[in-house]
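Peer 1: Before I ask anything, let me first share the structure, which is written out below as structure tokens.
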Amino acid sequence: MKNTSQKILLFSVFFVVFFLFASSTFSIAQEEKSSQPEKKGITSWLVVGPFPAPLTAFHQDKKKKFSCEDLLKFEDFDISSLWPNENARFEWHDGSAVIWKTVQPGEKGVELASPGNHPSIAYLGVYLDVLRWTKAKVSVSSPQLLQVHVDGKVRATKAKAKSPEKNDAASKEEKATAELKLETGKHLLLVKTVYDPKSEAEWTIEASLDAEEKFAGLILSTSSEQRMTTKHLLDTPRITSASISPDGNYAALSMRKTLPPSDETEAWVEIYQLPERRLIQTYRGGMKISRVNWAPTGNRFSYTSSDKSESTIWIVDLKAGTAIPLLKNVKDLGNHTWSPTGKHIIYSITEKPEPDKRKVKRFQNLADRQPWWRNRSYLYKITVPGGVRQRLTAGELSTNFHNISPDGKQLLFTRSIVDYKERPFSKTEFYTLNLETLEAKMLLETRWFGTAEWGPLGKRLLILGGPSLFGETGVDVPPGTIPNEYDGQAYLYDPNTSEVEAITKDFDPSINQALWSRTEDCIYFSTTDRSYRHLYTYDLKKKTFSLIDCGVEVLGRIDIAQRKPMAVYTGSSASVPSKAFVLDLRKNRYHLLKDPGRDDFAEVKFGKVERWTFKNKQNVEIEGRIYYPPGFDPEKKYPCIVYYYGGTSPVTRDFGGRYPKNLYAAQGYVIYVLQPSGAVGFGQKFSSLHVNDWGKIVADEIIDGVKKFLAAHHFVDSKKVGCIGASFGGFTTMLLLTRTDIFASGVAHAGISSISSYWGEGYWGYGYSSIATANSFPWNRKDIYIDQSPLFQADKITTPLLLLHGSVDTNVPPGESTQLFTALKILGKEVEYIQIMGENHHILTYNKRILWTKTILAWFDKWLKGQPEWWTELYPAK
């Protein structure tokens, strides 16, 4: 250990460099001119214990003993979930409870009270806060046994206590040492130590860390406050759906959680009693449960459990406490819905054709490229509780269920037909089915159809679809302009008179979900509203929209009770993880139902999120926002990451996701998100700008916006700005780099380098292009398909570019990245290409997603921070 004067000097040096941190943090700074690692002692610990730890019964068995070494190896609790702080309560296995205390080592290190003639255990913890990817070496010594953990994993072990025969000099060499590679963020260094009563040595712990000069930004701390990590992003339980019983007395939440380090997940269902919001039942433990469906009467619900390809529908009676299978072991069972009468359930079964034994395939149409296209889904009915079944539909085409009439006598379904005569190269047949006679009556043959449901009186239908669903009825764009059919609209339709009312034509937000109230004379709309997702109510008499405050910036799915003005929903905000809420629709008051991330995010510190906009060349305000890093200092210079999509959907202010802005900011970046023209949620005129543009407006607005952003924010280093986008955003990255050199690096995930090859090869390329390039094809619009394709401008790219792609991407085929990689390599450009094997358009497999996320961060660290070590560690030169 260093003497007292040395420690005071080191603390003074630290305070000058890291004055923003709490007084409990300590720097591992080095001599400026030294290129060799310098050893520094850990000067503060969190300590809990010692605890008595008697050896097991029969521990002296001659054939298989149990010693203090075995006690050291035994995992007393889940260390990976431990995140201690001063004065936090800790409960031992004998029921005793103590608190974590902050302890400063003395001349001999941390001295623990020797318990005498029985074994004991203690834990010491300290946080390693690294501001960049770091290599360090930790050494921990003690006359007693010890085990070193970092982030819940054993990194080093000293399995023997000092024997009475060894002298002091020998015992000093007995230590546990580990080489550490630490990613940006806070890490817990935890030492488990066991006292062996057979040893006469004292119980002391000494520890030190070595770090090279370039990794000197490593801080020791006893503060548990931290920044967001991938662990928070992926390991926190999440709510996948929320539903409410018809009487509003119960809510069901479907939950899911990863099971690291595996790629598996666990799913379960929680039932809450309302309005108390009290958890009354959990269905968990190896059961693969899908979404809960509430029965219209009684305290009953149904759910589907699955085992491989077979599924069972269960009926649960909360009052009786029973769970009875209604439909058992059905292969390829689809979704199911209760009839409003509660007397039967409608469900679907998928039929799959036999594959061609010759191992060849003659494609019947463009959609037949999709492996599942020849599957056919048909509708069935089963009585409750009798379990008598009836098949309802058959034929060459699948029948897709939509809704059941309030009297339970008719259902709505659609069939889709391939049709190359008009965009989108398919049309929808919309039917009613009489459940008594099984007579099907076609109501509409149309395009741009979405969903449909009956009104509460069973007279009118609420239909969602594109602006052109009913010709010009729902279109609100300037003459000569083609509307963006992704801009969701709502219509009231009378099946008897065929009268149509376009109720959202003049309403700028795009419709995501609609729920026709059974208790109020209104319709509730979940909308994309600029960068937000909001809930609106539409008064059917006044024909007006009113915003409902749900306490979140981005509304998830919402469910409304049939017989009570109550709703449950999920939602998140820019720096607030997703939660579940209960909403009183009459009083417009919401209450928290569940916060699954409360514990995981309790110690996480977020930076500020601030709206920032600019005016484009047409004097239209372009939406945007800034994510500041935690501990932001306006007097410093920060690297910046610009994120965008540029397609038909805005980048909403939801939390997390595949491109987590909070995580990027936690790495020390300023994040600028902007929403260029062409997205839905801003009105039909704005969204129509996406049609037949393919990036010209988007790229110009991004370049213009970034320049104005940099001019307005002096704390951003204009020479250290990166850009990232995925799918259409990946295309946008590629296109931007052919048009500007303002970026120091770029990332394109699943980007489109040649519009014509994406149009022809991607499963949905021609379908998406039927909107994005309406009536435009490679043979009549070379100005789009060639001139706007980054591949044909590859020689203009001078910015280092990272290409990422799932190896089995069926949306944007990997060839889109491969061909641009080929061009840039031949041109001698700075380019890297990483394929994530076995992944599709989205990287979903747990461990692959972690590596994919690290790849993005390491790439930006290399080019925006001048720190290539993380990238080199992930992808060493061969």
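Just remember, in the structure tokens the first chain shown is A, the second B, etc., residues are 1-based per chain, and ligands are 1-based in the order shown.
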Please identify all polymer residues within 8 Å of Pro868 of chain A, counting only C-alpha atoms, omitting same-chain residues fewer than 6 positions from it, and present them as a list of chain:residue names.
Peer 2: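 Selected residues are A:Ala858, A:Trp859, A:Asp861, A:Lys862.
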Peer 1: From a DSSP calculation on the backbone, collect every residue of segment 260-431 of chain A in strand (DSSP E or B) and output the set as a VMD selection string.
Peer 2: chain A and resid 265 to 273 278 to 283 289 293 to 294 300 to 307 310 to 317 322 to 331 333 to 338 344 to 351 376 to 383 389 to 391 400 to 404 410 to 418 426 to 431
Peer 1: Please build the interface table for segment 514-608 of chain A against segment 674-689 of chain A with a cut-off of 7 Å, listing for each qualifying residue the nearest atom pair and the distance in Å to one decimal; count only C-alpha atoms, order rows by chain and increasing number, and write it as a tab-separated table.
Peer 2:
residue	atom	partner	partner_atom	distance
A:Thr528	CA	A:Gly681	CA	5.0
A:Asp529	CA	A:Gly681	CA	4.6
A:Arg530	CA	A:Gly681	CA	4.7
Peer 1: Go ahead and dump the residues you just picked, all heavy atoms, as a compact mmCIF listing (two decimals), in the first residue's frame.
Peer 2:
# COMPACT_ATOMS: atom_id res chain seq x y z
N THR A 528 -50.28 7.76 -34.98
CA THR A 528 -48.93 8.30 -35.11
C THR A 528 -49.09 9.79 -35.35
O THR A 528 -49.66 10.21 -36.35
CB THR A 528 -48.17 7.65 -36.27
OG1 THR A 528 -48.00 6.26 -36.01
CG2 THR A 528 -46.80 8.29 -36.45
N ASP A 529 -48.63 10.57 -34.39
CA ASP A 529 -48.86 12.01 -34.38
C ASP A 529 -47.50 12.71 -34.35
O ASP A 529 -46.92 12.90 -33.29
CB ASP A 529 -49.70 12.37 -33.16
CG ASP A 529 -50.19 13.81 -33.17
OD1 ASP A 529 -49.92 14.52 -34.14
OD2 ASP A 529 -50.83 14.20 -32.18
N ARG A 530 -46.96 13.01 -35.52
CA ARG A 530 -45.61 13.52 -35.66
C ARG A 530 -44.64 12.50 -35.06
O ARG A 530 -44.64 11.36 -35.50
CB ARG A 530 -45.49 14.92 -35.03
CG ARG A 530 -46.46 15.96 -35.67
CD ARG A 530 -46.38 17.32 -34.99
NE ARG A 530 -45.12 17.98 -35.29
CZ ARG A 530 -44.90 18.73 -36.37
NH1 ARG A 530 -45.88 18.91 -37.27
NH2 ARG A 530 -43.72 19.30 -36.58
Peer 1: Separation of atom CA of Ile836 of chain A and atom CA of Ser807 of chain A, in Å?
Peer 2: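 It comes out at 5.7 Å.
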Peer 1: Please provide as a ChimeraX atom specification all residues within 7 Å of Trp314 of chain A, with the sequence filter that same-chain residues fewer than 5 positions apart are discarded (counting only C-alpha atoms).
Peer 2: /A:302-304,323-326
Peer 1: Give me, as a list of chain:residue names, the residues of segment 362-436 of chain A that a backbone DSSP run labels helix (DSSP H, G or I).
Peer 2: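 After running DSSP on the backbone, segment 362-436 of chain A has helix (DSSP H, G or I) at A:Leu366, A:Ala367, A:Asp368, A:Arg369.
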Peer 1: Which residues come within 9 Å of Leu663 of chain A, counting only C-alpha atoms, excluding same-chain residues fewer than 6 positions away, as a list in words?
Peer 2: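 Contacts, in chain order: Arg227, Met228, Thr229, Thr230, Leu233 and Gly656 of chain A.
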Peer 1: Expressed in Å to a single decimal, how great is the separation between atom CA of His841 of chain A and atom CA of Phe821 of chain A?
Peer 2: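 Atom CA of Phe821 of chain A lies at a distance of 18.2 Å from atom CA of His841 of chain A.
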Peer 1: Give me the residues near segment 742-746 of chain A as JSON, numbers by chain, where near means some atom within 6 Å (using only C-alpha atoms) and where sequence neighbours in that chain fewer than 3 positions away do not count.
Peer 2: {"A": [720, 721, 722, 723, 724, 799, 800, 801]}
Peer 1: How would the residues just chosen look if you wrote them out with N, CA, C and O atoms as a compact mmCIF listing (two decimals), in the first residue's frame?
Peer 2:
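See result26.txt below for the written result:
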# COMPACT_ATOMS: atom_id res chain seq x y z
N LYS A 720 -16.36 15.24 -36.00
CA LYS A 720 -16.58 13.92 -35.42
C LYS A 720 -18.08 13.60 -35.40
O LYS A 720 -18.67 13.33 -34.36
N VAL A 721 -18.69 13.62 -36.57
CA VAL A 721 -20.12 13.35 -36.70
C VAL A 721 -20.32 12.09 -37.54
O VAL A 721 -19.77 11.98 -38.64
N GLY A 722 -21.06 11.15 -36.99
CA GLY A 722 -21.37 9.91 -37.71
C GLY A 722 -22.85 9.84 -38.03
O GLY A 722 -23.67 10.58 -37.46
N CYS A 723 -23.22 8.97 -38.93
CA CYS A 723 -24.63 8.81 -39.31
C CYS A 723 -24.98 7.33 -39.35
O CYS A 723 -24.13 6.49 -39.66
N ILE A 724 -26.23 7.03 -39.03
CA ILE A 724 -26.67 5.64 -39.01
C ILE A 724 -28.15 5.55 -39.37
O ILE A 724 -28.95 6.40 -38.97
N THR A 799 -16.32 8.53 -47.24
CA THR A 799 -16.48 8.36 -45.79
C THR A 799 -16.38 6.89 -45.40
O THR A 799 -16.97 6.04 -46.06
N PRO A 800 -15.65 6.55 -44.34
CA PRO A 800 -15.61 5.15 -43.86
C PRO A 800 -17.03 4.64 -43.58
O PRO A 800 -17.80 5.28 -42.88
N LEU A 801 -17.35 3.49 -44.13
CA LEU A 801 -18.72 2.96 -44.07
C LEU A 801 -18.73 1.54 -43.53
O LEU A 801 -17.97 0.68 -43.97
Peer 1: Need the shell around Lys848 of chain A: protein/DNA/RNA residues with any atom at most 10 Å away, counting only C-alpha atoms. Skip same-chain ones fewer than 2 positions apart. Format as JSON, numbers by chain?
Peer 2: {"A": [263, 836, 837, 838, 839, 843, 844, 845, 846, 850, 851, 852, 853, 854]}
Peer 1: Would you export the selected residues with all heavy atoms as a CSV table (one decimal), in the first residue's frame, please?
Peer 2:
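part20.csv, written as the output of this step:
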chain,number,residue,atom,x,y,z
A,263,ASP,N,-30.0,-17.9,-25.6
A,263,ASP,CA,-30.8,-17.1,-26.5
A,263,ASP,C,-32.3,-17.4,-26.2
A,263,ASP,O,-33.2,-16.9,-27.0
A,263,ASP,CB,-30.5,-17.5,-27.9
A,263,ASP,CG,-29.1,-17.0,-28.3
A,263,ASP,OD1,-28.7,-16.0,-27.8
A,263,ASP,OD2,-28.5,-17.7,-29.1
A,836,ILE,N,-24.6,-10.9,-40.1
A,836,ILE,CA,-25.0,-11.6,-38.9
A,836,ILE,C,-25.7,-12.9,-39.3
A,836,ILE,O,-26.8,-12.9,-39.9
A,836,ILE,CB,-25.9,-10.7,-38.0
A,836,ILE,CG1,-25.2,-9.5,-37.6
A,836,ILE,CG2,-26.4,-11.5,-36.8
A,836,ILE,CD1,-25.3,-8.3,-38.6
A,837,MET,N,-25.0,-14.0,-39.1
A,837,MET,CA,-25.5,-15.3,-39.7
A,837,MET,C,-26.8,-15.7,-39.1
A,837,MET,O,-27.0,-15.7,-37.9
A,837,MET,CB,-24.4,-16.3,-39.5
A,837,MET,CG,-23.0,-15.9,-40.1
A,837,MET,SD,-23.0,-15.2,-41.7
A,837,MET,CE,-23.5,-16.7,-42.7
A,838,GLY,N,-27.7,-16.2,-40.0
A,838,GLY,CA,-29.0,-16.8,-39.6
A,838,GLY,C,-30.0,-15.8,-39.2
A,838,GLY,O,-31.1,-16.2,-38.8
A,839,GLU,N,-29.7,-14.5,-39.3
A,839,GLU,CA,-30.7,-13.4,-38.9
A,839,GLU,C,-31.3,-12.8,-40.2
A,839,GLU,O,-30.7,-12.7,-41.2
A,839,GLU,CB,-30.0,-12.3,-38.1
A,839,GLU,CG,-29.4,-12.8,-36.8
A,839,GLU,CD,-30.5,-13.3,-35.8
A,839,GLU,OE1,-31.3,-12.5,-35.4
A,839,GLU,OE2,-30.6,-14.5,-35.6
A,843,ILE,N,-32.3,-8.1,-36.2
A,843,ILE,CA,-31.4,-8.9,-35.5
A,843,ILE,C,-32.0,-9.2,-34.1
A,843,ILE,O,-32.1,-8.3,-33.2
A,843,ILE,CB,-30.0,-8.3,-35.3
A,843,ILE,CG1,-29.5,-7.8,-36.6
A,843,ILE,CG2,-29.0,-9.3,-34.7
A,843,ILE,CD1,-29.4,-8.8,-37.7
A,844,LEU,N,-32.6,-10.4,-34.0
A,844,LEU,CA,-33.4,-10.7,-32.8
A,844,LEU,C,-32.8,-11.7,-31.8
A,844,LEU,O,-33.1,-11.6,-30.6
A,844,LEU,CB,-34.8,-11.2,-33.3
A,844,LEU,CG,-35.6,-10.3,-34.2
A,844,LEU,CD1,-36.9,-11.0,-34.6
A,844,LEU,CD2,-35.9,-9.0,-33.5
A,845,THR,N,-32.0,-12.6,-32.3
A,845,THR,CA,-31.4,-13.6,-31.4
A,845,THR,C,-30.5,-12.9,-30.4
A,845,THR,O,-29.7,-12.0,-30.7
A,845,THR,CB,-30.5,-14.6,-32.2
A,845,THR,OG1,-31.4,-15.2,-33.2
A,845,THR,CG2,-30.0,-15.7,-31.3
A,846,TYR,N,-30.7,-13.2,-29.1
A,846,TYR,CA,-30.1,-12.4,-28.0
A,846,TYR,C,-28.6,-12.2,-28.1
A,846,TYR,O,-28.2,-11.0,-28.1
A,846,TYR,CB,-30.4,-13.2,-26.7
A,846,TYR,CG,-29.9,-12.5,-25.4
A,846,TYR,CD1,-30.5,-11.4,-24.9
A,846,TYR,CD2,-28.7,-13.0,-24.9
A,846,TYR,CE1,-30.0,-10.8,-23.7
A,846,TYR,CE2,-28.2,-12.4,-23.7
A,846,TYR,CZ,-28.9,-11.3,-23.1
A,846,TYR,OH,-28.4,-10.7,-22.0
A,850,ILE,N,-26.5,-8.6,-29.1
A,850,ILE,CA,-25.5,-8.0,-28.3
A,850,ILE,C,-24.3,-7.7,-29.1
A,850,ILE,O,-23.7,-6.5,-29.1
A,850,ILE,CB,-25.2,-8.8,-27.1
A,850,ILE,CG1,-26.4,-8.9,-26.1
A,850,ILE,CG2,-23.9,-8.3,-26.4
A,850,ILE,CD1,-26.2,-9.8,-24.9
A,851,LEU,N,-23.8,-8.7,-29.9
A,851,LEU,CA,-22.6,-8.5,-30.7
A,851,LEU,C,-22.8,-7.4,-31.8
A,851,LEU,O,-22.0,-6.6,-32.0
A,851,LEU,CB,-22.1,-9.8,-31.3
A,851,LEU,CG,-20.9,-9.7,-32.2
A,851,LEU,CD1,-19.7,-9.1,-31.5
A,851,LEU,CD2,-20.6,-11.1,-32.8
A,852,TRP,N,-24.0,-7.5,-32.4
A,852,TRP,CA,-24.3,-6.5,-33.4
A,852,TRP,C,-24.3,-5.1,-32.9
A,852,TRP,O,-23.8,-4.1,-33.5
A,852,TRP,CB,-25.7,-6.9,-34.0
A,852,TRP,CG,-26.4,-5.9,-34.9
A,852,TRP,CD1,-26.0,-5.7,-36.2
A,852,TRP,CD2,-27.5,-5.1,-34.6
A,852,TRP,NE1,-26.9,-4.7,-36.8
A,852,TRP,CE2,-27.8,-4.4,-35.8
A,852,TRP,CE3,-28.3,-4.9,-33.5
A,852,TRP,CZ2,-28.9,-3.5,-35.9
A,852,TRP,CZ3,-29.3,-4.0,-33.6
A,852,TRP,CH2,-29.6,-3.3,-34.7
A,853,THR,N,-24.9,-4.9,-31.7
A,853,THR,CA,-24.9,-3.6,-31.0
A,853,THR,C,-23.5,-3.1,-30.7
A,853,THR,O,-23.2,-1.9,-30.9
A,853,THR,CB,-25.8,-3.6,-29.7
A,853,THR,OG1,-27.1,-4.0,-30.1
A,853,THR,CG2,-25.9,-2.2,-29.1
A,854,LYS,N,-22.7,-4.0,-30.1
A,854,LYS,CA,-21.3,-3.7,-29.8
A,854,LYS,C,-20.6,-3.3,-31.1
A,854,LYS,O,-19.7,-2.4,-31.1
A,854,LYS,CB,-20.6,-4.8,-29.2
A,854,LYS,CG,-21.1,-5.2,-27.8
A,854,LYS,CD,-20.4,-6.4,-27.2
A,854,LYS,CE,-20.8,-6.7,-25.8
A,854,LYS,NZ,-20.2,-7.9,-25.3
Peer 1: Which residue, A:Leu112, A:Ile558, A:Leu397, A:Lys564, has the smallest gap to Thr519 of chain A when you use only C-alpha atoms?
Peer 2: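 The shortest atom-to-atom distance to Thr519 of chain A comes from A:Lys564.
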Peer 1: Excluding same-chain residues fewer than 5 positions from Ser718 of chain A, what lies within 10 Å of it counting only C-alpha atoms, as a list in words?
Peer 2: Lys637, Tyr638, Pro639, Cys640, Val706, Lys707, Phe709, Leu710, Ala711, His713, Ile742, Phe743 and Ala744 of chain A
Peer 1: Deliver the residues from the most recent selection as a file, using C-alpha atoms, as a PDB file, in the first residue's frame.
Peer 2:
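Saved the output as again_1.pdb:
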ATOM      1  CA  LYS A 637     -16.685  19.029 -27.308  1.00  0.00           C
ATOM      2  CA  TYR A 638     -18.656  15.865 -28.027  1.00  0.00           C
ATOM      3  CA  PRO A 639     -18.763  13.463 -30.964  1.00  0.00           C
ATOM      4  CA  CYS A 640     -22.223  13.190 -32.495  1.00  0.00           C
ATOM      5  CA  VAL A 706     -27.100  18.615 -39.839  1.00  0.00           C
ATOM      6  CA  LYS A 707     -25.295  21.753 -40.990  1.00  0.00           C
ATOM      7  CA  PHE A 709     -27.608  21.700 -36.106  1.00  0.00           C
ATOM      8  CA  LEU A 710     -23.823  21.961 -35.969  1.00  0.00           C
ATOM      9  CA  ALA A 711     -23.942  25.723 -36.383  1.00  0.00           C
ATOM     10  CA  HIS A 713     -24.552  23.667 -31.078  1.00  0.00           C
ATOM     11  CA  ILE A 742     -19.767  16.163 -43.595  1.00  0.00           C
ATOM     12  CA  PHE A 743     -19.794  12.790 -41.841  1.00  0.00           C
ATOM     13  CA  ALA A 744     -16.696  11.147 -40.375  1.00  0.00           C
TER      14      ALA A 744
END
Peer 1: Between atom CA of Thr428 of chain A and atom CA of Phe449 of chain A, measure the distance and give it in Å to one decimal.
Peer 2: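 That distance, rounded to one decimal, is 6.7 Å.
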Peer 1: When distances are computed from only C-alpha atoms, which of A:Asp419, A:Asp151, A:Glu354, A:Glu276 shows the smallest separation from Leu190 of chain A?
Peer 2: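 Smallest distance to Leu190 of chain A is found for A:Asp151.
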